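Data from work.txt: compact mmCIF, C-alpha atoms and all ligand atoms
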# COMPACT_ATOMS: atom_id res chain seq x y z
CA MET U 1222 31.57 -57.65 30.02
CA ASP U 1223 31.91 -54.36 31.89
CA PHE U 1224 30.60 -51.11 30.40
CA GLN U 1225 31.72 -47.56 31.06
CA ILE U 1226 28.89 -45.10 30.61
CA PHE U 1227 28.92 -41.42 29.75
CA PRO U 1228 25.84 -39.16 29.56
CA PRO U 1229 24.70 -37.56 26.29
CA GLU U 1230 27.04 -34.69 25.37
CA ASP U 1231 24.34 -32.04 25.83
CA GLY U 1232 23.16 -33.76 29.03
CA PHE U 1233 19.65 -34.43 27.69
CA PRO U 1234 18.73 -38.02 26.82
CA GLN U 1235 16.35 -38.14 23.87
CA ALA U 1236 14.71 -41.25 22.48
CA THR U 1237 11.59 -43.09 21.48
CA VAL U 1238 12.07 -46.35 23.32
CA SER U 1239 10.41 -49.57 22.12
CA LEU U 1240 9.96 -51.12 25.53
CA PRO U 1241 10.30 -54.89 25.91
CA LEU U 1242 7.11 -56.87 26.46
CA SER U 1243 6.20 -57.77 30.03
CA LYS U 1244 7.90 -61.00 31.10
CA SER U 1245 5.37 -61.51 33.89
CA ILE U 1246 2.45 -61.35 31.47
CA SER U 1247 4.27 -63.40 28.82
CA ASN U 1248 5.11 -66.15 31.28
CA ARG U 1249 1.54 -66.44 32.52
CA ALA U 1250 0.11 -66.34 29.00
CA LEU U 1251 2.48 -69.13 27.93
CA ILE U 1252 1.56 -71.38 30.86
CA ILE U 1253 -2.18 -70.76 30.48
CA ASN U 1254 -2.00 -71.35 26.73
CA ALA U 1255 -0.13 -74.61 27.36
CA LEU U 1256 -3.09 -75.70 29.52
CA THR U 1257 -5.68 -74.62 26.92
CA PRO U 1258 -7.06 -77.17 24.43
CA ASN U 1259 -6.50 -75.97 20.82
CA ALA U 1260 -4.86 -72.79 22.09
CA ILE U 1261 -4.28 -69.88 19.72
CA PRO U 1262 -0.51 -69.31 19.63
CA LEU U 1263 0.62 -65.99 21.09
CA SER U 1264 1.75 -63.66 18.33
CA LYS U 1265 4.51 -62.13 20.46
CA VAL U 1266 6.02 -62.75 23.87
CA ALA U 1267 8.89 -61.06 25.70
CA LEU U 1268 12.29 -61.84 24.21
CA CYS U 1269 14.37 -62.30 27.33
CA ASP U 1270 16.01 -65.06 29.37
CA ASP U 1271 13.13 -65.46 31.82
CA THR U 1272 10.57 -65.99 29.08
CA ASP U 1273 12.93 -68.07 26.91
CA ALA U 1274 13.19 -70.48 29.86
CA ILE U 1275 9.45 -71.15 29.76
CA VAL U 1276 9.23 -71.21 25.95
CA HIS U 1277 12.02 -73.79 25.85
CA ALA U 1278 10.58 -75.99 28.61
CA LEU U 1279 7.11 -76.05 27.06
CA ALA U 1280 8.48 -76.76 23.58
CA ASN U 1281 10.58 -79.69 24.82
CA PRO U 1282 8.33 -81.71 27.15
CA GLU U 1283 10.45 -84.82 26.56
CA GLU U 1284 13.52 -83.30 28.26
CA GLU U 1285 14.31 -85.01 31.56
CA ILE U 1286 16.24 -82.05 32.93
CA VAL U 1287 14.55 -78.68 32.73
CA ASN U 1288 17.02 -75.85 33.31
CA ILE U 1289 15.25 -72.58 33.98
CA GLY U 1290 18.39 -70.54 34.67
CA ALA U 1291 17.72 -67.64 37.03
CA ALA U 1292 14.00 -67.17 36.36
CA GLY U 1293 11.94 -67.30 39.55
CA THR U 1294 8.60 -67.27 37.71
CA ALA U 1295 9.75 -70.10 35.43
CA MET U 1296 10.85 -72.22 38.42
CA ARG U 1297 7.61 -71.71 40.33
CA PHE U 1298 5.15 -71.80 37.39
CA LEU U 1299 6.75 -74.84 35.72
CA THR U 1300 6.94 -76.77 39.01
CA ALA U 1301 3.15 -76.57 39.27
CA TYR U 1302 2.64 -77.08 35.54
CA PHE U 1303 4.78 -80.25 35.32
CA ALA U 1304 3.38 -81.61 38.60
CA ALA U 1305 -0.15 -81.31 37.15
CA LYS U 1306 0.76 -82.58 33.68
CA ASN U 1307 -0.78 -86.02 33.56
CA ASP U 1308 1.84 -87.54 31.24
CA GLY U 1309 3.47 -89.95 33.70
CA ARG U 1310 6.90 -88.45 32.99
CA THR U 1311 9.49 -87.69 35.62
CA ARG U 1312 11.56 -84.55 35.19
CA MET U 1313 14.15 -82.72 37.20
CA ILE U 1314 13.79 -78.96 37.33
CA ASP U 1315 16.87 -76.97 38.22
CA GLY U 1316 18.45 -73.54 37.74
CA THR U 1317 21.45 -71.40 38.62
CA GLY U 1318 23.34 -71.58 41.91
CA ARG U 1319 21.27 -68.64 43.12
CA MET U 1320 18.04 -70.42 42.15
CA ARG U 1321 19.08 -73.26 44.44
CA MET U 1322 18.99 -70.71 47.28
CA ARG U 1323 15.52 -69.34 46.50
CA PRO U 1324 12.78 -70.99 48.60
CA ILE U 1325 10.10 -73.20 47.10
CA LYS U 1326 8.83 -75.23 50.09
CA PRO U 1327 5.39 -73.59 50.47
CA LEU U 1328 4.63 -74.35 46.82
CA VAL U 1329 5.89 -77.95 47.05
CA ASP U 1330 3.89 -78.55 50.25
CA ALA U 1331 0.75 -77.11 48.66
CA LEU U 1332 1.15 -79.18 45.49
CA ARG U 1333 1.75 -82.34 47.53
CA GLN U 1334 -1.53 -81.67 49.35
CA CYS U 1335 -3.16 -81.48 45.92
CA GLY U 1336 -1.77 -84.95 45.14
CA ALA U 1337 1.56 -84.08 43.49
CA GLU U 1338 4.68 -86.26 43.56
CA ILE U 1339 7.66 -83.98 44.10
CA GLU U 1340 11.00 -84.74 45.77
CA TYR U 1341 13.89 -82.53 46.70
CA VAL U 1342 17.03 -83.62 44.87
CA GLY U 1343 19.35 -81.57 47.11
CA GLU U 1344 18.52 -79.43 50.10
CA GLU U 1345 14.99 -79.72 51.53
CA GLY U 1346 12.96 -76.63 50.64
CA TYR U 1347 15.00 -75.58 47.59
CA PRO U 1348 15.47 -76.55 43.94
CA PRO U 1349 16.39 -78.81 42.22
CA LEU U 1350 13.17 -80.84 42.32
CA ARG U 1351 12.23 -84.20 40.86
CA ILE U 1352 8.63 -84.04 39.66
CA SER U 1353 6.44 -86.89 38.39
CA GLY U 1354 3.52 -85.56 36.37
CA LYS U 1355 0.07 -86.89 37.33
CA GLN U 1356 -3.58 -85.97 37.63
CA LEU U 1357 -3.93 -83.79 40.73
CA HIS U 1358 -7.08 -83.83 42.82
CA GLY U 1359 -6.75 -80.30 44.28
CA GLY U 1360 -9.13 -79.40 47.12
CA CYS U 1361 -8.92 -76.88 49.96
CA ILE U 1362 -5.49 -75.85 51.16
CA THR U 1363 -3.78 -72.98 52.96
CA LEU U 1364 -0.59 -71.34 51.81
CA THR U 1365 1.71 -68.85 53.45
CA ALA U 1366 1.62 -65.74 51.25
CA GLY U 1367 4.46 -63.71 52.71
CA ILE U 1368 7.39 -65.28 50.83
CA SER U 1369 6.48 -65.08 47.16
CA SER U 1370 3.25 -64.42 45.27
CA GLN U 1371 4.63 -66.66 42.53
CA PHE U 1372 3.58 -69.72 44.60
CA VAL U 1373 0.00 -68.44 44.55
CA SER U 1374 0.03 -67.65 40.82
CA ALA U 1375 1.53 -71.06 40.01
CA LEU U 1376 -1.21 -72.89 41.94
CA LEU U 1377 -4.03 -70.75 40.58
CA MET U 1378 -3.05 -71.17 36.93
CA THR U 1379 -2.84 -74.98 37.18
CA ALA U 1380 -5.93 -75.33 39.40
CA PRO U 1381 -8.49 -75.74 36.56
CA ALA U 1382 -6.64 -78.95 35.59
CA MET U 1383 -7.23 -80.43 39.09
CA THR U 1384 -10.27 -82.75 39.43
CA ASP U 1385 -11.78 -80.85 42.35
CA GLY U 1386 -10.44 -77.40 41.45
CA LEU U 1387 -8.81 -75.47 44.26
CA CYS U 1388 -9.84 -73.40 47.24
CA LEU U 1389 -6.74 -71.57 48.37
CA THR U 1390 -6.59 -69.65 51.62
CA LEU U 1391 -3.67 -67.26 51.96
CA GLU U 1392 -2.12 -67.01 55.41
CA GLY U 1393 -0.21 -64.11 56.88
CA ASP U 1394 0.62 -60.91 55.05
CA ILE U 1395 0.36 -61.07 51.27
CA VAL U 1396 3.38 -59.87 49.30
CA SER U 1397 3.32 -58.72 45.68
CA ARG U 1398 -0.50 -58.79 45.58
CA PRO U 1399 -0.81 -57.10 42.14
CA TYR U 1400 0.92 -60.13 40.58
CA ILE U 1401 -1.84 -62.37 42.02
CA ASP U 1402 -4.46 -60.00 40.61
CA MET U 1403 -2.67 -60.15 37.25
CA THR U 1404 -2.93 -63.95 37.31
CA ILE U 1405 -6.64 -63.84 38.17
CA ALA U 1406 -7.30 -61.29 35.39
CA LEU U 1407 -5.47 -63.37 32.80
CA MET U 1408 -7.27 -66.57 33.83
CA SER U 1409 -10.53 -64.68 33.37
CA HIS U 1410 -9.43 -63.63 29.87
CA TRP U 1411 -9.01 -67.35 29.09
CA GLY U 1412 -12.50 -68.09 30.51
CA ILE U 1413 -11.78 -69.30 34.06
CA GLU U 1414 -13.30 -67.11 36.77
CA CYS U 1415 -11.72 -67.20 40.23
CA GLU U 1416 -13.88 -66.20 43.18
CA THR U 1417 -12.38 -64.28 46.05
CA SER U 1418 -13.81 -64.07 49.57
CA ASN U 1419 -12.66 -63.60 53.17
CA SER U 1420 -11.24 -60.09 52.42
CA ASN U 1421 -9.52 -61.43 49.29
CA LYS U 1422 -7.65 -64.06 51.33
CA THR U 1423 -9.51 -67.06 49.93
CA ILE U 1424 -9.44 -67.72 46.20
CA SER U 1425 -11.56 -70.47 44.66
CA VAL U 1426 -10.87 -71.85 41.20
CA PRO U 1427 -13.30 -74.26 39.51
CA SER U 1428 -12.10 -77.36 37.72
CA GLY U 1429 -12.54 -76.81 34.00
CA SER U 1430 -10.97 -75.95 30.69
CA TYR U 1431 -9.46 -72.69 29.58
CA LYS U 1432 -10.99 -71.39 26.32
CA ALA U 1433 -8.79 -70.67 23.32
CA VAL U 1434 -8.54 -66.88 22.90
CA GLU U 1435 -6.32 -64.31 21.25
CA PHE U 1436 -4.10 -62.24 23.46
CA ASN U 1437 -1.57 -59.42 23.11
CA VAL U 1438 1.17 -58.99 25.71
CA GLU U 1439 1.63 -55.44 27.10
CA ALA U 1440 4.92 -53.53 27.28
CA ASP U 1441 6.84 -53.90 30.53
CA TRP U 1442 6.28 -51.23 33.18
CA SER U 1443 9.19 -52.45 35.33
CA ALA U 1444 11.48 -51.82 32.34
CA ALA U 1445 9.85 -48.40 31.90
CA SER U 1446 10.86 -47.49 35.46
CA TYR U 1447 14.51 -46.97 34.44
CA TRP U 1448 13.38 -44.35 31.93
CA PHE U 1449 11.36 -42.58 34.63
CA GLU U 1450 14.57 -42.55 36.67
CA ILE U 1451 16.54 -41.08 33.76
CA GLU U 1452 13.90 -38.39 33.24
CA ALA U 1453 13.84 -37.52 36.93
CA VAL U 1454 17.53 -36.62 36.90
CA SER U 1455 17.95 -35.17 33.41
CA TYR U 1456 15.03 -33.26 31.81
CA GLY U 1457 15.31 -35.62 28.83
CA GLU U 1458 12.75 -36.26 26.11
CA ILE U 1459 11.82 -39.87 26.47
CA ALA U 1460 8.84 -41.38 24.66
CA LEU U 1461 7.86 -44.88 25.75
CA LYS U 1462 6.42 -46.81 22.84
CA GLY U 1463 3.89 -49.49 23.75
CA LEU U 1464 3.25 -48.37 27.31
CA ASN U 1465 -0.34 -48.90 28.39
CA ASP U 1466 -1.99 -46.58 30.91
CA LYS U 1467 -4.61 -49.14 31.92
CA SER U 1468 -2.25 -51.94 32.74
CA LEU U 1469 -2.49 -55.33 34.40
CA GLN U 1470 0.92 -54.66 35.91
CA GLY U 1471 1.26 -53.41 39.48
CA ASP U 1472 4.51 -51.74 38.47
CA SER U 1473 2.46 -49.19 36.49
CA HIS U 1474 2.36 -47.60 39.95
CA VAL U 1475 5.78 -46.19 39.04
CA ALA U 1476 3.96 -43.32 37.29
CA ARG U 1477 2.40 -42.27 40.62
CA ILE U 1478 5.65 -42.72 42.55
CA PHE U 1479 7.58 -40.54 40.12
CA ARG U 1480 5.19 -37.62 40.58
CA ASN U 1481 7.22 -37.16 43.76
CA PHE U 1482 10.16 -36.27 41.51
CA GLY U 1483 8.12 -34.06 39.18
CA VAL U 1484 7.89 -36.67 36.38
CA GLU U 1485 4.56 -37.36 34.64
CA PRO U 1486 3.84 -39.19 31.39
CA ASP U 1487 1.91 -37.17 28.84
CA TRP U 1488 -0.65 -39.66 27.47
CA GLU U 1489 -1.90 -37.24 24.76
CA THR U 1490 1.18 -37.61 22.55
CA GLU U 1491 1.63 -40.36 19.93
CA TYR U 1492 3.70 -42.37 22.40
CA PRO U 1493 3.55 -41.58 26.12
CA LEU U 1494 6.16 -38.88 26.65
CA LEU U 1495 7.86 -38.50 30.01
CA LYS U 1496 7.83 -34.90 31.16
CA LEU U 1497 9.63 -33.27 34.04
CA ALA U 1498 7.84 -30.20 35.39
CA PRO U 1499 9.85 -26.97 34.73
CA SER U 1500 10.16 -26.27 38.46
CA PRO U 1501 9.48 -29.73 39.82
CA ASP U 1502 7.83 -29.86 43.18
CA ILE U 1503 10.11 -32.54 44.59
CA ALA U 1504 9.05 -34.34 47.77
CA PRO U 1505 11.34 -33.38 50.67
CA ARG U 1506 11.28 -36.98 51.91
CA LEU U 1507 9.68 -40.22 50.70
CA GLU U 1508 7.98 -42.82 52.88
CA LEU U 1509 6.70 -45.66 50.71
CA ASP U 1510 5.36 -49.15 51.31
CA MET U 1511 6.81 -51.20 48.45
CA SER U 1512 5.23 -54.57 49.27
CA ASP U 1513 3.05 -54.39 46.13
CA VAL U 1514 5.92 -53.31 43.87
CA PRO U 1515 9.16 -54.98 45.01
CA ASP U 1516 10.78 -54.77 41.56
CA LEU U 1517 10.70 -50.96 41.74
CA ALA U 1518 12.76 -50.78 44.94
CA GLN U 1519 16.12 -50.38 43.24
CA THR U 1520 14.85 -47.75 40.81
CA VAL U 1521 13.27 -45.71 43.59
CA ALA U 1522 16.19 -45.99 46.03
CA VAL U 1523 18.78 -44.90 43.44
CA THR U 1524 16.56 -42.05 42.16
CA CYS U 1525 15.99 -40.75 45.69
CA CYS U 1526 19.74 -40.61 46.31
CA LEU U 1527 20.46 -38.87 43.00
CA ALA U 1528 17.65 -36.37 43.67
CA SER U 1529 18.76 -35.84 47.30
CA VAL U 1530 15.44 -37.06 48.67
CA PRO U 1531 15.86 -38.90 52.00
CA PHE U 1532 13.62 -41.95 52.19
CA ARG U 1533 12.21 -44.87 54.09
CA LEU U 1534 11.05 -47.75 51.89
CA THR U 1535 9.13 -50.43 53.78
CA GLY U 1536 7.60 -53.80 52.82
CA LEU U 1537 10.86 -55.06 51.36
CA LYS U 1538 11.31 -58.39 53.13
CA THR U 1539 11.24 -60.34 49.85
CA LEU U 1540 14.21 -58.44 48.46
CA LYS U 1541 16.69 -60.71 50.20
CA ILE U 1542 15.49 -63.77 48.28
CA LYS U 1543 15.40 -62.37 44.76
CA GLU U 1544 18.18 -62.55 42.13
CA THR U 1545 20.50 -61.41 44.91
CA ASP U 1546 20.06 -59.97 48.38
CA ARG U 1547 18.89 -56.65 46.95
CA LEU U 1548 18.88 -54.88 50.33
CA GLY U 1549 22.55 -55.66 50.92
CA ALA U 1550 23.49 -54.97 47.29
CA LEU U 1551 21.80 -51.55 47.32
CA CYS U 1552 23.49 -50.48 50.58
CA THR U 1553 26.92 -51.57 49.33
CA GLU U 1554 26.65 -49.99 45.89
CA LEU U 1555 25.05 -46.70 47.01
CA ARG U 1556 27.86 -46.39 49.54
CA LYS U 1557 30.27 -46.17 46.57
CA LEU U 1558 28.50 -42.91 45.70
CA SER U 1559 28.80 -41.70 49.32
CA PHE U 1560 25.14 -42.36 50.28
CA VAL U 1561 24.88 -44.08 53.64
CA VAL U 1562 21.74 -46.15 53.12
CA GLU U 1563 20.80 -48.71 55.75
CA SER U 1564 18.78 -51.88 55.73
CA VAL U 1565 16.58 -52.13 58.82
CA ASP U 1566 15.19 -55.45 60.14
CA ASP U 1567 15.73 -57.05 56.72
CA CYS U 1568 12.59 -55.36 55.42
CA GLU U 1569 13.25 -51.62 55.15
CA LEU U 1570 15.69 -49.38 53.42
CA VAL U 1571 16.39 -46.01 55.00
CA TRP U 1572 18.44 -43.00 53.97
CA ASN U 1573 18.40 -39.99 56.26
CA GLY U 1574 20.52 -37.84 54.00
CA LEU U 1575 23.91 -38.85 55.45
CA ARG U 1576 26.82 -38.84 52.98
CA ILE U 1577 30.36 -39.94 53.69
CA PRO U 1578 32.88 -39.64 50.85
CA HIS U 1579 34.02 -42.97 49.47
CA PRO U 1580 37.61 -43.06 48.17
CA THR U 1581 37.95 -44.15 44.53
CA ALA U 1582 41.77 -44.12 44.32
CA GLY U 1583 41.51 -42.37 40.98
CA HIS U 1584 39.48 -45.17 39.36
CA PRO U 1585 36.00 -44.72 37.91
CA ILE U 1586 33.26 -45.82 40.29
CA ALA U 1587 32.41 -49.41 39.35
CA PHE U 1588 29.08 -50.93 40.37
CA ASP U 1589 28.78 -54.65 40.95
CA THR U 1590 25.57 -56.18 39.65
CA TYR U 1591 25.35 -59.50 41.56
CA ALA U 1592 23.79 -61.37 38.60
CA ASP U 1593 20.82 -59.03 39.00
CA HIS U 1594 19.44 -57.24 35.93
CA ARG U 1595 17.76 -54.61 38.09
CA MET U 1596 21.04 -53.62 39.77
CA ALA U 1597 22.56 -52.91 36.34
CA MET U 1598 19.57 -50.96 35.02
CA ALA U 1599 18.94 -48.94 38.19
CA PHE U 1600 22.59 -47.87 38.45
CA ALA U 1601 23.18 -47.07 34.76
CA PRO U 1602 21.42 -43.65 35.03
CA VAL U 1603 24.02 -42.69 37.66
CA ALA U 1604 26.15 -41.79 34.61
CA LEU U 1605 24.09 -38.59 34.38
CA TYR U 1606 25.36 -37.71 37.80
CA VAL U 1607 28.92 -39.10 37.64
CA PRO U 1608 30.03 -39.43 33.99
CA GLY U 1609 32.16 -42.51 33.32
CA ILE U 1610 30.79 -44.92 35.94
CA VAL U 1611 31.31 -48.60 35.22
CA ILE U 1612 28.60 -51.27 35.33
CA ARG U 1613 30.15 -54.69 35.89
CA ASN U 1614 28.79 -57.77 34.08
CA ALA U 1615 26.43 -55.58 32.10
CA GLU U 1616 25.05 -58.58 30.19
CA VAL U 1617 22.84 -59.41 33.20
CA VAL U 1618 20.12 -57.19 31.71
CA SER U 1619 19.19 -60.07 29.37
CA LYS U 1620 17.04 -61.52 32.18
CA SER U 1621 14.25 -59.08 31.34
CA TYR U 1622 15.51 -56.32 28.99
CA PRO U 1623 18.26 -57.52 26.59
CA GLU U 1624 18.11 -54.34 24.50
CA PHE U 1625 18.60 -52.00 27.44
CA TRP U 1626 22.15 -50.92 26.51
CA LYS U 1627 21.20 -50.43 22.86
CA HIS U 1628 18.29 -48.25 23.92
CA LEU U 1629 20.50 -46.25 26.26
CA ALA U 1630 22.95 -45.65 23.40
CA ASN U 1631 20.03 -44.58 21.16
CA ALA U 1632 19.09 -42.04 23.83
CA GLY U 1633 22.54 -40.44 23.46
CA PHE U 1634 24.56 -42.18 26.19
CA ARG U 1635 28.08 -43.27 25.22
CA ILE U 1636 28.70 -46.85 26.24
CA GLU U 1637 32.18 -48.31 25.99
CA PRO U 1638 33.57 -51.70 26.92
CA TYR U 1639 35.69 -51.32 30.05
CA PRO U 1640 38.65 -53.63 30.64
CA GLN U 1641 37.68 -56.22 33.22
CA GLN U 1642 39.65 -56.19 36.44
CA SER U 1643 41.12 -59.44 37.62
O1 LIG U 1701 4.64 -63.20 39.38
C1 LIG U 1701 5.50 -62.48 38.84
O2 LIG U 1701 5.54 -62.32 37.60
C2 LIG U 1701 6.48 -61.79 39.69
C3 LIG U 1701 6.25 -61.64 41.05
C4 LIG U 1701 7.18 -60.93 41.95
O3 LIG U 1701 7.85 -61.90 42.73
P1 LIG U 1701 7.45 -62.22 44.27
O4 LIG U 1701 6.03 -62.60 44.29
O5 LIG U 1701 8.36 -63.36 44.60
O6 LIG U 1701 7.72 -60.99 45.07
C5 LIG U 1701 8.20 -60.11 41.18
O7 LIG U 1701 9.24 -59.71 42.04
C6 LIG U 1701 8.78 -60.88 40.01
O8 LIG U 1701 9.70 -60.12 39.30
C7 LIG U 1701 7.69 -61.27 39.04
C1 LIG U 1702 12.45 -60.87 41.03
C2 LIG U 1702 12.47 -60.92 39.71
O1 LIG U 1702 12.28 -62.03 38.96
P1 LIG U 1702 12.04 -63.56 39.35
O2 LIG U 1702 11.58 -63.63 40.77
O3 LIG U 1702 11.01 -64.02 38.40
O4 LIG U 1702 13.36 -64.25 39.16
C3 LIG U 1702 12.69 -59.67 38.92
O5 LIG U 1702 12.55 -59.73 37.68
O6 LIG U 1702 13.00 -58.62 39.51
In structure tokens, what does this structure look like?
Amino acid sequence: MDFQIFPPEDGFPQATVSLPLSKSISNRALIINALTPNAIPLSKVALCDDTDAIVHALANPEEEIVNIGAAGTAMRFLTAYFAAKNDGRTRMIDGTGRMRMRPIKPLVDALRQCGAEIEYVGEEGYPPLRISGKQLHGGCITLTAGISSQFVSALLMTAPAMTDGLCLTLEGDIVSRPYIDMTIALMSHWGIECETSNSNKTISVPSGSYKAVEFNVEADWSAASYWFEIEAVSYGEIALKGLNDKSLQGDSHVARIFRNFGVEPDWETEYPLLKLAPSPDIAPRLELDMSDVPDLAQTVAVTCCLASVPFRLTGLKTLKIKETDRLGALCTELRKLSFVVESVDDCELVWNGLRIPHPTAGHPIAFDTYADHRMAMAFAPVALYVPGIVIRNAEVVSKSYPEFWKHLANAGFRIEPYPQQS
């Protein structure tokens, strides 16, 4: 379904938004709980496709084909989990067409070194995989850390179930480091302490049992980022229910990034209220290394364009292997708004302020979403700038934030189905 979006009539979005729960935290908590003897069930987890994929797979261990859809974390975490599950079962784990293009070789190689039996069903290095669950021995291994931190998290979480534990040395640059720190922090909550050494490049995990504990999942800071974007271009009144200042999520960094646009959360109010300074001191240009916060790249790039802030975002090499090639998708879609944004060396996104009008032939500007929830959510606020834009295949938001459109409507936006073009 395609949606046409109009801003609130008075131009000021107003809402108290009940943010979704963090899918990254939910997915880790579910895997760790599944490895915990007599675990205490989680009272709430994120309600979204990526978490549903893990909930379903864990609840149906007899299924021979595990379909995780488009969820990268589910593919990587469950590969390690099922490889280390000593139940003698063989399962095939598969996902969408795009998932079959997302690399998994470093994780498979590492698990094989730990004793796992995993085969590629199709192309070498990519899902689907055939996995036979067995007792892994673990040991000392090295892993390239520049493709996805999810490989590291998957290995760490399953390591206590390996007879010798795991000593993991990360090679090369480390992408998405805060997600590794999140994994280590959650394992500690469940009673397993990882030790880091060698400038944080070596992580040792003892063999042992997680302890049954209670746990509450935080609200999702990546989802909050779209509300920061809305505030930055509208002077709205947006309260973000459930948002935690002291968060395990690296994407909480969005609060610091958005100071560059004059937006700050007020933590003194009942729910954190986003505030835009009356005469915001907007950065003339942004230079940001995004390697710790790749999921914020779309939000920041679109906001910069709408706020006329030229930028250079670096550390983006993983964007090409996410739900879509996000570098290409951003350049193509921002071009529809006249912004000439360029991808440099497949790892940077640069806009020097150049704008070249893009003909619309009298039609509303329609943004393609490439089966990527973050494309839909980052471009929706453009309606404040060009009323009546269209977001194609708007249902993609269900990957992490199914209620996004409902929340946008609650904030005063008018959202109408738009006839699909053939
Ligand atoms: O571990 C996680 O929960 C995630 C890690 C990141 O992936 P990469 O490590 O592949 O960058 C991030 O983009 C993804 O949305 C969630
Ligand atoms: C990259 C993402 O998810 P995943 O890698 O888990 O599919 C995301 O949610 O932006």
Worksheet entry | Selection near Val1438 (chain U), 12 Å with only C-alpha atoms, sequence-local residues under 2 positions removed, as JSON, numbers by chain | {"U": [1240, 1241, 1242, 1243, 1244, 1245, 1246, 1247, 1248, 1249, 1250, 1251, 1263, 1264, 1265, 1266, 1267, 1268, 1407, 1435, 1436, 1440, 1441, 1442, 1463, 1464, 1465, 1468, 1469, 1470]}
Worksheet item: Would you name the residues within 6 Å of ligand LIG 1702 (chain U), counting all atoms listed in the file, and put them as a list in words?
Response: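 Result of the 6 Å neighbour search around ligand LIG 1702 (chain U): Ala1291, Ala1292, Gly1293, Thr1294, Asp1516, Lys1543 and Glu1544 of chain U.
Coordinates place CA of Ile1289 (chain U) at a distance of 5.0 Å from CA of Gly1316 (chain U).
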Worksheet item: Within 9 Å of ligand LIG 1701 (chain U), counting only C-alpha atoms and all ligand atoms, which protein or nucleic acid residues do you find, written as number ranges by chain?
Response: U: 1243-1249, 1292-1294, 1298, 1366-1375, 1396-1401, 1403-1404, 1443, 1512-1517, 1539-1540, 1542-1543
Worksheet entry | Selected residue of minimal separation from Gln1225 (chain U) among U:Met1313, U:Ala1632, U:Cys1361, U:Val1611, counting only C-alpha atoms |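 Result for the nearest residue to Gln1225 (chain U): U:Val1611.
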Discussion item. For Ala1260 (chain U), find every residue with an atom within 9 Å (counting all atoms listed in the file), except residues of its own chain fewer than 4 positions away, and show them as a list in words.
Written reply: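 The residues that qualify are Asn1254, Ala1255, Leu1256, Tyr1431, Lys1432, Ala1433, Val1434 and Glu1435 of chain U.
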Item to complete: Counting only C-alpha atoms, figure out which residue out of U:Leu1548, U:Val1426, U:Met1598, U:Val1342 gets nearest to Ser1621 (chain U).
Response: U:Met1598
For region 1326-1337 of chain U, which lacks atoms in the input, supply N, CA and C atoms and format the output as a PDB file, in the coordinates of the input.
ATOM      1  N   LYS U1326       9.537 -74.266  49.234  1.00  0.00           N
ATOM      2  CA  LYS U1326       8.830 -75.230  50.090  1.00  0.00           C
ATOM      3  C   LYS U1326       7.307 -75.003  50.162  1.00  0.00           C
ATOM      4  N   PRO U1327       6.843 -73.757  50.367  1.00  0.00           N
ATOM      5  CA  PRO U1327       5.390 -73.590  50.470  1.00  0.00           C
ATOM      6  C   PRO U1327       4.654 -74.086  49.218  1.00  0.00           C
ATOM      7  N   LEU U1328       5.262 -73.889  48.062  1.00  0.00           N
ATOM      8  CA  LEU U1328       4.630 -74.350  46.820  1.00  0.00           C
ATOM      9  C   LEU U1328       4.651 -75.879  46.756  1.00  0.00           C
ATOM     10  N   VAL U1329       5.786 -76.477  47.099  1.00  0.00           N
ATOM     11  CA  VAL U1329       5.890 -77.950  47.050  1.00  0.00           C
ATOM     12  C   VAL U1329       4.905 -78.568  48.037  1.00  0.00           C
ATOM     13  N   ASP U1330       4.840 -78.021  49.250  1.00  0.00           N
ATOM     14  CA  ASP U1330       3.890 -78.550  50.250  1.00  0.00           C
ATOM     15  C   ASP U1330       2.459 -78.467  49.732  1.00  0.00           C
ATOM     16  N   ALA U1331       2.126 -77.313  49.148  1.00  0.00           N
ATOM     17  CA  ALA U1331       0.750 -77.110  48.660  1.00  0.00           C
ATOM     18  C   ALA U1331       0.446 -78.093  47.523  1.00  0.00           C
ATOM     19  N   LEU U1332       1.393 -78.256  46.611  1.00  0.00           N
ATOM     20  CA  LEU U1332       1.150 -79.180  45.490  1.00  0.00           C
ATOM     21  C   LEU U1332       1.027 -80.612  45.985  1.00  0.00           C
ATOM     22  N   ARG U1333       1.852 -80.976  46.972  1.00  0.00           N
ATOM     23  CA  ARG U1333       1.750 -82.340  47.530  1.00  0.00           C
ATOM     24  C   ARG U1333       0.363 -82.558  48.128  1.00  0.00           C
ATOM     25  N   GLN U1334      -0.161 -81.526  48.785  1.00  0.00           N
ATOM     26  CA  GLN U1334      -1.530 -81.670  49.350  1.00  0.00           C
ATOM     27  C   GLN U1334      -2.565 -81.841  48.245  1.00  0.00           C
ATOM     28  N   CYS U1335      -2.241 -81.328  47.065  1.00  0.00           N
ATOM     29  CA  CYS U1335      -3.160 -81.480  45.920  1.00  0.00           C
ATOM     30  C   CYS U1335      -2.952 -82.825  45.224  1.00  0.00           C
ATOM     31  N   GLY U1336      -1.988 -83.610  45.711  1.00  0.00           N
ATOM     32  CA  GLY U1336      -1.770 -84.950  45.140  1.00  0.00           C
ATOM     33  C   GLY U1336      -0.471 -85.084  44.350  1.00  0.00           C
ATOM     34  N   ALA U1337       0.365 -84.041  44.347  1.00  0.00           N
ATOM     35  CA  ALA U1337       1.560 -84.080  43.490  1.00  0.00           C
ATOM     36  C   ALA U1337       2.665 -84.962  44.074  1.00  0.00           C
TER      37      ALA U1337
END
